[in-house]
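Peer 1: After the structure tokens below, expect a handful of questions from me.
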Number of protein chains: 2
Amino acid sequence: MSVQQRAARRLKVALVQEQHQGDGAANQARILQHLEAAAAAGCQLVLLQELHQGPYFCQQECAAEFDRAESIPGPTTEGLARAAHQHGLVIVGSLFERRAAGLYHNTAVVLDADGRLAGCYRKMHIPDDPGYYEKYYFTPGDLGFRPVETVVGRLGVLVCWDQWFPEAARLMALAGAELLLYPTAIGWDPADTPQEQAHQREAWITVQRGHAIANGLPLLACNRVGFEAEASAPGGGSQFWGSSFVCGPQGELLAQAPQDAPALLMAEIDLDRSEDVRRSWPFLRDRRIDAYGDLGRRFCDSA
Amino acid sequence: MSVQQRAARRLKVALVQEQHQGDGAANQARILQHLEAAAAAGCQLVLLQELHQGPYFCQQECAAEFDRAESIPGPTTEGLARAAHQHGLVIVGSLFERRAAGLYHNTAVVLDADGRLAGCYRKMHIPDDPGYYEKYYFTPGDLGFRPVETVVGRLGVLVCWDQWFPEAARLMALAGAELLLYPTAIGWDPADTPQEQAHQREAWITVQRGHAIANGLPLLACNRVGFEAEASAPGGGSQFWGSSFVCGPQGELLAQAPQDAPALLMAEIDLDRSEDVRRSWPFLRDRRIDAYGDLGRRFCDSA
């Protein structure tokens, strides 16, 4: 690309950090308002939080919760497609996918600015710990780490728990992603100490900024916010910590949302900066692919 | 391990952040003073900066600089071995290794607390950019990513440029490392803007904290400090940014040195915290090793 051609690839993005409103219709109304506002502000790409249509239902294992799952295409993608087309926005959403009876995924969907379903990503890394019983609900993804081509670029969409795995970000980068995007639902156990809570939140931000740096890519992480009680455990629940952010390809923070309130977080990304940063720090040039074989092992003990 | 047994694995560490004193003997004298002080303060493990015996000579390509290289064992390891034995310290040093005529490495050495050479690591990822012409001097390492067993634990020793590669940290973790350690020599081009300098320094800290988080391991990074002029380019040189630090397995900063002055930086690490953190965030459990094959590729285009 010539110097002249490399002058002006700027992208205005928005992240919708919301709290669960008690029912899906109310959530959807809020999201549609945010999409309208984002478009009015000149944004071209909007990232929604994980499972934005409803509560974070994985706080317990309950067979009735599978009723929330829907097909793709289905009501959620159709609603997002209409909004994408109406506003000329690329939208990255997240839903509970029913693929077949007994086969469900945690899936991100990408609607291109013309309303077309540009692609999907099925969450590859599935957590399971108290309050986050996702292995019960979600079959691990089988689409691999493939960016989705859109009018604003090739989107490396990953989901929540993936954000702790450098492998996921790297594979998206190697597959040509120009942005990394993480719909997220992560929060504190209210029983944790304030120090532990601070460590967790800061670790969540830091590890993702690390992916941006290691891959020379901008990164968007959109988390939910607010307290959601755990029906089966009085006093229990998750305090989702918000803190959605956008950083550039050196991990530099471009925008950050509060940890305790909804926000429509907007930022402008200079997509050409990735190439400049990668020229200064050419990590892709120097990877020792001859020596990475053990990355495919569970652990390098004798077994 | 029982709860009782897991009570008290604490490790006191020290990092020697120094500026080049103009000649090797002066550098060595300073290092020996620091080692004595670290031992007197109760430290059990000391990490030195990259190529601590001399200047950072890779600012230009000059055949005479190869005269600095030495064998292992050789003068530097013998000096460190004496100090290790004298003070009962595990010492991680860094030197320019002459393996054979025309075959040189950037090698970290680990002296156990009895003075024995416990192991070596040859820098795997070799940079090359203006002011850091390392590909001219250093053959890429061929020892792989193997921790070194010592009386204070299994040390995952890596070197400088390796710190930008999540693969290196992960492979050390998979091989059983209990700590990640990075002797480093990284600085600013004085021609860069203050904002760019701030981005670089913060990225350097952030990406390494990210490795600590992703692997649930404490991490030590020891950088040199001070300005070293580039003989062949008046006004040019590197302003090494110090900022050596120690963080815990959630990336939480335990100690940090200034960016503009030498320091003997000490910190106490709770080695048992790694297991607690990994139980909360069991990333090793959930790695998708079935889907990581492309990590062994240069790039996932059609070629």
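Within each chain, counting starts at residue 1; across the structure tokens, chains are named A, B, ... in the order shown, with ligands numbered 1 upward in that order.
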Please list as a ChimeraX atom specification every residue within 9 Å of region 293-301 of chain B, counting only C-alpha atoms and excluding residues in the same chain fewer than 2 positions away.

Peer 2: /A:167,170-171,173-176,284-285,287-293,295-296 /B:167,289-291,303

Peer 1: As a PDB file with C-alpha atoms, in the first residue's frame, please: the residues near Val110 (chain B) (cut-off 8 Å, only C-alpha atoms, same-chain neighbours under 3 positions excluded).

Peer 2:
```
ATOM      1  CA  VAL B  90      19.955 -18.928  43.160  1.00  0.00           C
ATOM      2  CA  ILE B  91      21.152 -16.505  40.460  1.00  0.00           C
ATOM      3  CA  VAL B  92      19.762 -16.041  36.955  1.00  0.00           C
ATOM      4  CA  GLY B  93      22.290 -14.304  34.723  1.00  0.00           C
ATOM      5  CA  LEU B 117      25.259 -24.540  36.942  1.00  0.00           C
ATOM      6  CA  ALA B 118      21.687 -25.778  37.079  1.00  0.00           C
ATOM      7  CA  GLY B 119      20.819 -25.045  33.465  1.00  0.00           C
ATOM      8  CA  CYS B 120      20.754 -22.683  30.512  1.00  0.00           C
ATOM      9  CA  VAL B 148      15.418 -25.119  35.060  1.00  0.00           C
TER      10      VAL B 148
END
```

Peer 1: So what do you get for CA of Gly251 (chain B) versus CA of Ser302 (chain A), distance-wise?

Peer 2: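 Those two atoms sit 29.1 Å apart.
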
Peer 1: With only C-alpha atoms as the counted atoms, please give the residues lying no more than 9 Å from Asn223 (chain A), apart from itself and same-chain residues fewer than 4 positions off, as a VMD selection string.

Peer 2: chain A and resid 15 to 18 48 to 50 160 182 to 187 240 to 245

Peer 1: Need the shell around Leu271 (chain A): protein/DNA/RNA residues with any atom at most 12 Å away, counting only C-alpha atoms. Skip same-chain ones fewer than 3 positions apart. Format as number ranges by chain?

Peer 2: A: 6-13, 152-154, 177-179, 216-219, 247-249, 268, 274-278

Peer 1: Check region 19-218 of chain A with DSSP on the backbone and list each residue it calls helix (DSSP H, G or I), as a ChimeraX atom specification.

Peer 2: /A:24-40,57-59,63-68,75-87,134-137,160-164,166-174,194-215

Peer 1: Find the residues near His125 (chain B): any atom within 8 Å, counting only C-alpha atoms, skip ones fewer than 4 places away on the same chain, and give them as a PyMOL selection string.

Peer 2: (chain A and resi 286-288) or (chain B and resi 140-141+161-162)

Peer 1: Include N, CA, C and O atoms and write out the residues we just selected as a tab-separated table (two decimals), in the first residue's frame.

Peer 2:
```tsv
chain	number	residue	atom	x	y	z
A	286	ASP	N	8.84	-13.14	13.83
A	286	ASP	CA	9.81	-13.86	14.66
A	286	ASP	C	9.26	-15.04	15.45
A	286	ASP	O	9.98	-15.64	16.25
A	287	ARG	N	7.99	-15.37	15.23
A	287	ARG	CA	7.44	-16.53	15.96
A	287	ARG	C	8.25	-17.78	15.63
A	287	ARG	O	8.58	-18.02	14.47
A	288	ARG	N	8.54	-18.60	16.63
A	288	ARG	CA	9.34	-19.82	16.45
A	288	ARG	C	8.43	-21.00	16.18
A	288	ARG	O	8.29	-21.90	17.02
B	140	PRO	N	19.31	-18.16	16.80
B	140	PRO	CA	18.12	-18.50	17.59
B	140	PRO	C	18.36	-19.77	18.43
B	140	PRO	O	19.00	-20.71	17.97
B	141	GLY	N	17.85	-19.74	19.64
B	141	GLY	CA	18.07	-20.83	20.57
B	141	GLY	C	17.55	-22.17	20.07
B	141	GLY	O	16.61	-22.22	19.27
B	161	TRP	N	13.10	-10.22	24.18
B	161	TRP	CA	12.14	-10.27	23.06
B	161	TRP	C	11.12	-11.39	23.23
B	161	TRP	O	9.97	-11.26	22.81
B	162	ASP	N	11.53	-12.49	23.88
B	162	ASP	CA	10.58	-13.57	24.20
B	162	ASP	C	9.36	-13.05	24.94
B	162	ASP	O	8.29	-13.67	24.90
```

Peer 1: From region 3-129 of chain B, collect each residue whose DSSP state is strand (DSSP E) and return the set as a compact mmCIF listing (two decimals) with all heavy atoms, in the first residue's frame.

Peer 2:
```txt
# COMPACT_ATOMS: atom_id res chain seq x y z
N ARG B 10 6.93 -19.39 50.71
CA ARG B 10 7.19 -18.01 50.34
C ARG B 10 8.61 -17.90 49.82
O ARG B 10 9.52 -18.56 50.31
CB ARG B 10 6.95 -17.08 51.52
CG ARG B 10 5.50 -17.16 52.02
CD ARG B 10 5.19 -16.10 53.04
NE ARG B 10 5.05 -14.79 52.43
CZ ARG B 10 3.94 -14.35 51.84
NH1 ARG B 10 2.89 -15.12 51.75
NH2 ARG B 10 3.90 -13.14 51.32
N LEU B 11 8.78 -17.04 48.83
CA LEU B 11 10.08 -16.88 48.18
C LEU B 11 10.41 -15.40 48.10
O LEU B 11 9.62 -14.62 47.56
CB LEU B 11 10.01 -17.49 46.77
CG LEU B 11 11.26 -17.37 45.90
CD1 LEU B 11 12.40 -18.20 46.50
CD2 LEU B 11 10.95 -17.85 44.48
N LYS B 12 11.57 -15.05 48.63
CA LYS B 12 11.98 -13.66 48.56
C LYS B 12 12.96 -13.51 47.39
O LYS B 12 13.97 -14.21 47.33
CB LYS B 12 12.61 -13.21 49.89
CG LYS B 12 12.75 -11.70 49.98
CD LYS B 12 12.84 -11.19 51.41
CE LYS B 12 13.02 -9.67 51.41
NZ LYS B 12 13.28 -9.14 52.75
N VAL B 13 12.62 -12.61 46.49
CA VAL B 13 13.41 -12.45 45.27
C VAL B 13 13.96 -11.04 45.18
O VAL B 13 13.45 -10.11 45.81
CB VAL B 13 12.54 -12.73 44.01
CG1 VAL B 13 11.93 -14.13 44.09
CG2 VAL B 13 11.46 -11.67 43.83
N ALA B 14 15.03 -10.89 44.38
CA ALA B 14 15.59 -9.57 44.11
C ALA B 14 15.93 -9.46 42.63
O ALA B 14 16.33 -10.43 42.00
CB ALA B 14 16.83 -9.33 44.96
N LEU B 15 15.77 -8.26 42.09
CA LEU B 15 16.11 -7.96 40.71
C LEU B 15 17.16 -6.85 40.72
O LEU B 15 16.99 -5.85 41.43
CB LEU B 15 14.89 -7.46 39.93
CG LEU B 15 13.85 -8.50 39.47
CD1 LEU B 15 13.25 -9.25 40.65
CD2 LEU B 15 12.75 -7.83 38.66
N VAL B 16 18.23 -7.04 39.95
CA VAL B 16 19.30 -6.04 39.90
C VAL B 16 19.14 -5.22 38.62
O VAL B 16 19.50 -5.67 37.52
CB VAL B 16 20.69 -6.71 39.94
CG1 VAL B 16 21.78 -5.66 39.83
CG2 VAL B 16 20.85 -7.52 41.22
N GLN B 17 18.57 -4.04 38.77
CA GLN B 17 18.40 -3.11 37.63
C GLN B 17 19.57 -2.14 37.65
O GLN B 17 19.70 -1.34 38.58
CB GLN B 17 17.08 -2.38 37.76
CG GLN B 17 16.90 -1.23 36.76
CD GLN B 17 15.52 -0.60 36.85
OE1 GLN B 17 14.50 -1.27 36.71
NE2 GLN B 17 15.48 0.71 37.09
N LEU B 45 16.56 -15.77 45.63
CA LEU B 45 16.67 -15.82 44.16
C LEU B 45 16.95 -14.40 43.67
O LEU B 45 16.28 -13.45 44.08
CB LEU B 45 15.34 -16.31 43.57
CG LEU B 45 15.14 -16.18 42.07
CD1 LEU B 45 16.10 -17.09 41.31
CD2 LEU B 45 13.70 -16.51 41.69
N VAL B 46 17.96 -14.27 42.78
CA VAL B 46 18.26 -12.96 42.20
C VAL B 46 18.25 -13.07 40.68
O VAL B 46 18.85 -13.99 40.10
CB VAL B 46 19.63 -12.43 42.66
CG1 VAL B 46 19.94 -11.08 42.01
CG2 VAL B 46 19.67 -12.28 44.18
N LEU B 47 17.58 -12.13 40.05
CA LEU B 47 17.53 -12.06 38.59
C LEU B 47 18.33 -10.85 38.13
O LEU B 47 18.11 -9.73 38.61
CB LEU B 47 16.07 -11.92 38.13
CG LEU B 47 15.83 -11.67 36.64
CD1 LEU B 47 16.35 -12.82 35.77
CD2 LEU B 47 14.34 -11.41 36.38
N LEU B 48 19.25 -11.07 37.18
CA LEU B 48 20.03 -9.98 36.60
C LEU B 48 19.45 -9.59 35.24
O LEU B 48 18.67 -10.33 34.65
CB LEU B 48 21.49 -10.42 36.44
CG LEU B 48 22.18 -10.93 37.72
CD1 LEU B 48 23.61 -11.35 37.42
CD2 LEU B 48 22.15 -9.85 38.80
N VAL B 90 20.17 -18.53 44.55
CA VAL B 90 19.95 -18.93 43.16
C VAL B 90 20.08 -17.65 42.32
O VAL B 90 19.45 -16.63 42.64
CB VAL B 90 18.57 -19.57 42.96
CG1 VAL B 90 18.33 -19.88 41.49
CG2 VAL B 90 18.46 -20.83 43.82
N ILE B 91 20.91 -17.69 41.28
CA ILE B 91 21.15 -16.51 40.46
C ILE B 91 20.83 -16.82 39.00
O ILE B 91 21.29 -17.83 38.46
CB ILE B 91 22.62 -16.04 40.56
CG1 ILE B 91 22.98 -15.73 42.02
CG2 ILE B 91 22.87 -14.81 39.67
CD1 ILE B 91 24.46 -15.38 42.22
N VAL B 92 20.04 -15.94 38.39
CA VAL B 92 19.76 -16.04 36.96
C VAL B 92 20.51 -14.91 36.25
O VAL B 92 20.22 -13.73 36.48
CB VAL B 92 18.26 -15.95 36.67
CG1 VAL B 92 17.99 -16.02 35.16
CG2 VAL B 92 17.52 -17.07 37.39
N GLY B 93 21.50 -15.28 35.46
CA GLY B 93 22.29 -14.30 34.72
C GLY B 93 22.09 -14.43 33.23
O GLY B 93 21.32 -15.28 32.75
N SER B 94 22.78 -13.57 32.49
CA SER B 94 22.58 -13.49 31.05
C SER B 94 23.90 -13.14 30.39
O SER B 94 24.59 -12.21 30.83
CB SER B 94 21.53 -12.42 30.77
OG SER B 94 21.59 -11.97 29.43
N LEU B 95 24.27 -13.87 29.35
CA LEU B 95 25.55 -13.56 28.70
C LEU B 95 25.53 -13.89 27.22
O LEU B 95 24.60 -14.52 26.70
CB LEU B 95 26.69 -14.29 29.43
CG LEU B 95 26.58 -15.81 29.56
CD1 LEU B 95 27.17 -16.48 28.33
CD2 LEU B 95 27.33 -16.27 30.81
N PHE B 96 26.59 -13.44 26.57
CA PHE B 96 26.80 -13.65 25.14
C PHE B 96 27.62 -14.93 25.03
O PHE B 96 28.80 -14.96 25.37
CB PHE B 96 27.56 -12.44 24.59
CG PHE B 96 27.74 -12.40 23.10
CD1 PHE B 96 26.99 -13.18 22.22
CD2 PHE B 96 28.67 -11.51 22.55
CE1 PHE B 96 27.18 -13.09 20.85
CE2 PHE B 96 28.86 -11.41 21.18
CZ PHE B 96 28.12 -12.21 20.32
N GLU B 97 26.97 -15.99 24.59
CA GLU B 97 27.62 -17.31 24.60
C GLU B 97 28.34 -17.59 23.29
O GLU B 97 27.75 -17.50 22.20
CB GLU B 97 26.55 -18.40 24.83
CG GLU B 97 27.15 -19.80 24.80
CD GLU B 97 26.13 -20.93 24.79
OE1 GLU B 97 24.92 -20.64 24.72
OE2 GLU B 97 26.55 -22.09 24.84
N ARG B 98 29.61 -17.97 23.40
CA ARG B 98 30.35 -18.49 22.24
C ARG B 98 30.28 -20.01 22.30
O ARG B 98 30.87 -20.64 23.18
CB ARG B 98 31.80 -18.03 22.26
CG ARG B 98 32.58 -18.52 21.03
CD ARG B 98 34.06 -18.21 21.12
NE ARG B 98 34.77 -18.62 19.92
CZ ARG B 98 35.13 -19.88 19.63
NH1 ARG B 98 34.83 -20.86 20.45
NH2 ARG B 98 35.77 -20.15 18.50
N ARG B 99 29.52 -20.57 21.34
CA ARG B 99 29.34 -22.02 21.35
C ARG B 99 30.38 -22.68 20.44
O ARG B 99 30.85 -23.77 20.71
CB ARG B 99 27.92 -22.31 20.86
CG ARG B 99 27.48 -23.75 20.98
CD ARG B 99 26.00 -23.83 20.60
NE ARG B 99 25.44 -25.15 20.59
CZ ARG B 99 24.23 -25.44 20.15
NH1 ARG B 99 23.44 -24.46 19.68
NH2 ARG B 99 23.78 -26.67 20.17
N ALA B 100 30.69 -21.98 19.36
CA ALA B 100 31.72 -22.42 18.42
C ALA B 100 32.06 -21.21 17.57
O ALA B 100 31.36 -20.19 17.62
CB ALA B 100 31.20 -23.56 17.53
N LEU B 103 29.22 -19.29 15.83
CA LEU B 103 27.95 -19.78 16.40
C LEU B 103 27.82 -19.24 17.83
O LEU B 103 28.49 -19.72 18.75
CB LEU B 103 27.92 -21.31 16.40
CG LEU B 103 26.63 -21.97 16.91
CD1 LEU B 103 25.41 -21.52 16.10
CD2 LEU B 103 26.76 -23.49 16.87
N TYR B 104 26.98 -18.24 17.98
CA TYR B 104 26.85 -17.50 19.23
C TYR B 104 25.37 -17.42 19.63
O TYR B 104 24.50 -17.42 18.77
CB TYR B 104 27.40 -16.08 19.06
CG TYR B 104 28.80 -16.03 18.50
CD1 TYR B 104 29.02 -16.09 17.12
CD2 TYR B 104 29.90 -15.94 19.34
CE1 TYR B 104 30.31 -16.07 16.60
CE2 TYR B 104 31.20 -15.91 18.83
CZ TYR B 104 31.39 -15.98 17.45
OH TYR B 104 32.66 -15.96 16.95
N HIS B 105 25.13 -17.34 20.92
CA HIS B 105 23.76 -17.24 21.42
C HIS B 105 23.65 -16.17 22.49
O HIS B 105 24.65 -15.80 23.13
CB HIS B 105 23.32 -18.57 22.05
CG HIS B 105 23.22 -19.73 21.11
ND1 HIS B 105 22.18 -19.90 20.22
CD2 HIS B 105 24.05 -20.79 20.90
CE1 HIS B 105 22.36 -21.01 19.53
NE2 HIS B 105 23.50 -21.57 19.91
N ASN B 106 22.42 -15.73 22.69
CA ASN B 106 22.07 -14.87 23.82
C ASN B 106 21.48 -15.81 24.87
O ASN B 106 20.35 -16.29 24.72
CB ASN B 106 21.05 -13.82 23.36
CG ASN B 106 20.70 -12.81 24.42
OD1 ASN B 106 20.68 -13.13 25.60
ND2 ASN B 106 20.40 -11.60 24.00
N THR B 107 22.25 -16.08 25.91
CA THR B 107 21.93 -17.22 26.78
C THR B 107 21.76 -16.80 28.23
O THR B 107 22.57 -16.02 28.76
CB THR B 107 23.06 -18.27 26.66
OG1 THR B 107 23.16 -18.66 25.28
CG2 THR B 107 22.78 -19.49 27.52
N ALA B 108 20.72 -17.29 28.83
CA ALA B 108 20.53 -17.10 30.27
C ALA B 108 21.07 -18.32 31.00
O ALA B 108 20.93 -19.46 30.51
CB ALA B 108 19.05 -16.91 30.59
N VAL B 109 21.71 -18.07 32.13
CA VAL B 109 22.28 -19.17 32.91
C VAL B 109 21.68 -19.14 34.32
O VAL B 109 21.40 -18.07 34.87
CB VAL B 109 23.81 -19.05 33.00
CG1 VAL B 109 24.44 -19.29 31.62
CG2 VAL B 109 24.25 -17.71 33.55
N VAL B 110 21.48 -20.33 34.86
CA VAL B 110 20.92 -20.43 36.20
C VAL B 110 21.93 -21.14 37.09
O VAL B 110 22.29 -22.30 36.84
CB VAL B 110 19.59 -21.21 36.18
CG1 VAL B 110 19.02 -21.31 37.60
CG2 VAL B 110 18.59 -20.55 35.24
N LEU B 111 22.39 -20.43 38.12
CA LEU B 111 23.28 -21.01 39.13
C LEU B 111 22.44 -21.36 40.34
O LEU B 111 21.73 -20.50 40.87
CB LEU B 111 24.37 -20.01 39.53
CG LEU B 111 25.45 -19.64 38.50
CD1 LEU B 111 26.09 -20.91 37.91
CD2 LEU B 111 24.94 -18.74 37.41
N LEU B 117 25.98 -25.05 38.11
CA LEU B 117 25.26 -24.54 36.94
C LEU B 117 24.05 -25.45 36.72
O LEU B 117 24.17 -26.57 36.23
CB LEU B 117 26.18 -24.55 35.71
CG LEU B 117 25.56 -24.03 34.41
CD1 LEU B 117 25.15 -22.57 34.51
CD2 LEU B 117 26.52 -24.22 33.23
N ALA B 118 22.88 -24.93 37.09
CA ALA B 118 21.69 -25.78 37.08
C ALA B 118 21.12 -25.94 35.67
O ALA B 118 20.48 -26.95 35.36
CB ALA B 118 20.62 -25.18 38.00
N GLY B 119 21.35 -24.94 34.82
CA GLY B 119 20.82 -25.04 33.47
C GLY B 119 20.96 -23.75 32.71
O GLY B 119 21.35 -22.71 33.26
N CYS B 120 20.66 -23.84 31.41
CA CYS B 120 20.75 -22.68 30.51
C CYS B 120 19.47 -22.57 29.70
O CYS B 120 18.74 -23.54 29.53
CB CYS B 120 21.89 -22.88 29.51
SG CYS B 120 23.51 -22.90 30.26
N TYR B 121 19.25 -21.37 29.20
CA TYR B 121 18.19 -21.13 28.22
C TYR B 121 18.77 -20.25 27.13
O TYR B 121 19.35 -19.19 27.43
CB TYR B 121 16.98 -20.44 28.86
CG TYR B 121 16.02 -19.90 27.83
CD1 TYR B 121 15.12 -20.73 27.17
CD2 TYR B 121 16.07 -18.55 27.45
CE1 TYR B 121 14.28 -20.24 26.18
CE2 TYR B 121 15.23 -18.06 26.47
CZ TYR B 121 14.34 -18.91 25.83
OH TYR B 121 13.53 -18.43 24.84
N ARG B 122 18.67 -20.69 25.91
CA ARG B 122 19.14 -19.87 24.79
C ARG B 122 17.96 -19.14 24.16
O ARG B 122 17.02 -19.77 23.67
CB ARG B 122 19.83 -20.75 23.74
CG ARG B 122 21.13 -21.36 24.24
CD ARG B 122 21.91 -22.00 23.09
NE ARG B 122 23.18 -22.54 23.57
CZ ARG B 122 23.54 -23.83 23.47
NH1 ARG B 122 22.73 -24.71 22.89
NH2 ARG B 122 24.71 -24.21 23.93
```

Peer 1: What does the distance between CA of Val246 (chain A) and CA of Leu51 (chain A) come to in Å, to one decimal place?

Peer 2: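 Calculated distance between CA of Val246 (chain A) and CA of Leu51 (chain A) is 19.7 Å.
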
Peer 1: Give me, please, the distance in Å between CA of Gln163 (chain B) and CA of Met124 (chain B), quoted to one decimal.

Peer 2: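 Result for CA of Gln163 (chain B) versus CA of Met124 (chain B): 10.6 Å, one decimal.
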
Peer 1: Which residues, written as a list in words, have at least one atom at most 9 Å from Ala203 (chain A), with only C-alpha atoms counted and residues fewer than 5 positions away on the same chain left out?

Peer 2: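 Selected residues are Ala198 and Gln208 of chain A; Arg209, Gly210, Ile213, Gln250, Gly251 and Glu252 of chain B.
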
Peer 1: Between A:Gln256, A:Gln33, A:Asn215, A:Thr206, which is the closest to chain B once you count only C-alpha atoms?

Peer 2: A:Thr206

Peer 1: Contacts between region 62-77 of chain B and region 115-212 of chain B, please, where a residue of region 115-212 of chain B counts if it comes within 10 Å (with only C-alpha atoms); show its shortest atom pair and distance in Å to one decimal, rows by chain and ascending number, as a Markdown table.

Peer 2:
```
| residue | atom | partner | partner_atom | distance |
| --- | --- | --- | --- | --- |
| B:Gly115 | CA | B:Thr77 | CA | 9.4 |
| B:Arg116 | CA | B:Thr77 | CA | 9.6 |
| B:Leu117 | CA | B:Thr77 | CA | 7.7 |
| B:Cys120 | CA | B:Ile72 | CA | 9.1 |
| B:Tyr133 | CA | B:Cys62 | CA | 10.0 |
| B:Tyr136 | CA | B:Cys62 | CA | 8.9 |
| B:Tyr137 | CA | B:Phe66 | CA | 7.4 |
| B:Phe138 | CA | B:Phe66 | CA | 9.9 |
```

Peer 1: Go ahead and save the picked residues with N, CA and C atoms, as a short mmCIF file (atom, residue, chain, number, x, y, z; two decimals), in the first residue's frame.

Peer 2:
```cif
data_model
loop_
_atom_site.label_atom_id
_atom_site.label_comp_id
_atom_site.auth_asym_id
_atom_site.auth_seq_id
_atom_site.Cartn_x
_atom_site.Cartn_y
_atom_site.Cartn_z
N GLY B 115 26.05 -23.16 43.92
CA GLY B 115 27.04 -22.75 42.94
C GLY B 115 27.07 -23.60 41.68
N ARG B 116 26.29 -24.65 41.66
CA ARG B 116 26.24 -25.53 40.48
C ARG B 116 25.50 -24.83 39.33
N LEU B 117 25.98 -25.05 38.11
CA LEU B 117 25.26 -24.54 36.94
C LEU B 117 24.05 -25.45 36.72
N CYS B 120 20.66 -23.84 31.41
CA CYS B 120 20.75 -22.68 30.51
C CYS B 120 19.47 -22.57 29.70
N TYR B 133 20.20 -4.87 16.67
CA TYR B 133 20.55 -5.74 15.54
C TYR B 133 20.94 -7.13 16.04
N TYR B 136 22.06 -10.37 13.83
CA TYR B 136 23.45 -10.43 13.38
C TYR B 136 24.31 -11.21 14.38
N TYR B 137 24.00 -11.05 15.65
CA TYR B 137 24.86 -11.62 16.68
C TYR B 137 24.43 -13.00 17.18
N PHE B 138 23.12 -13.18 17.30
CA PHE B 138 22.63 -14.34 18.06
C PHE B 138 21.93 -15.37 17.18
#
```

Peer 1: Pick the closest to chain A from B:Leu254, B:Leu180, B:Ile126, B:Ala261: which is it, counting only C-alpha atoms?

Peer 2: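 Among the listed residues, B:Ile126 lies closest to chain A.
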
Peer 1: Between A:Leu253, A:Cys222, A:Leu80, A:Val157, which residue has the minimum interatomic distance to chain B, considering only C-alpha atoms?

Peer 2: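 Looking at the shortest contact to chain B, the residue is A:Leu253.
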
Peer 1: Compare B:Ala101, B:Leu89, B:Leu220, B:Ile31 by their minimum atom-to-atom distance to Pro262 (chain B), counting only C-alpha atoms, and give me the closest one.

Peer 2: B:Ile31
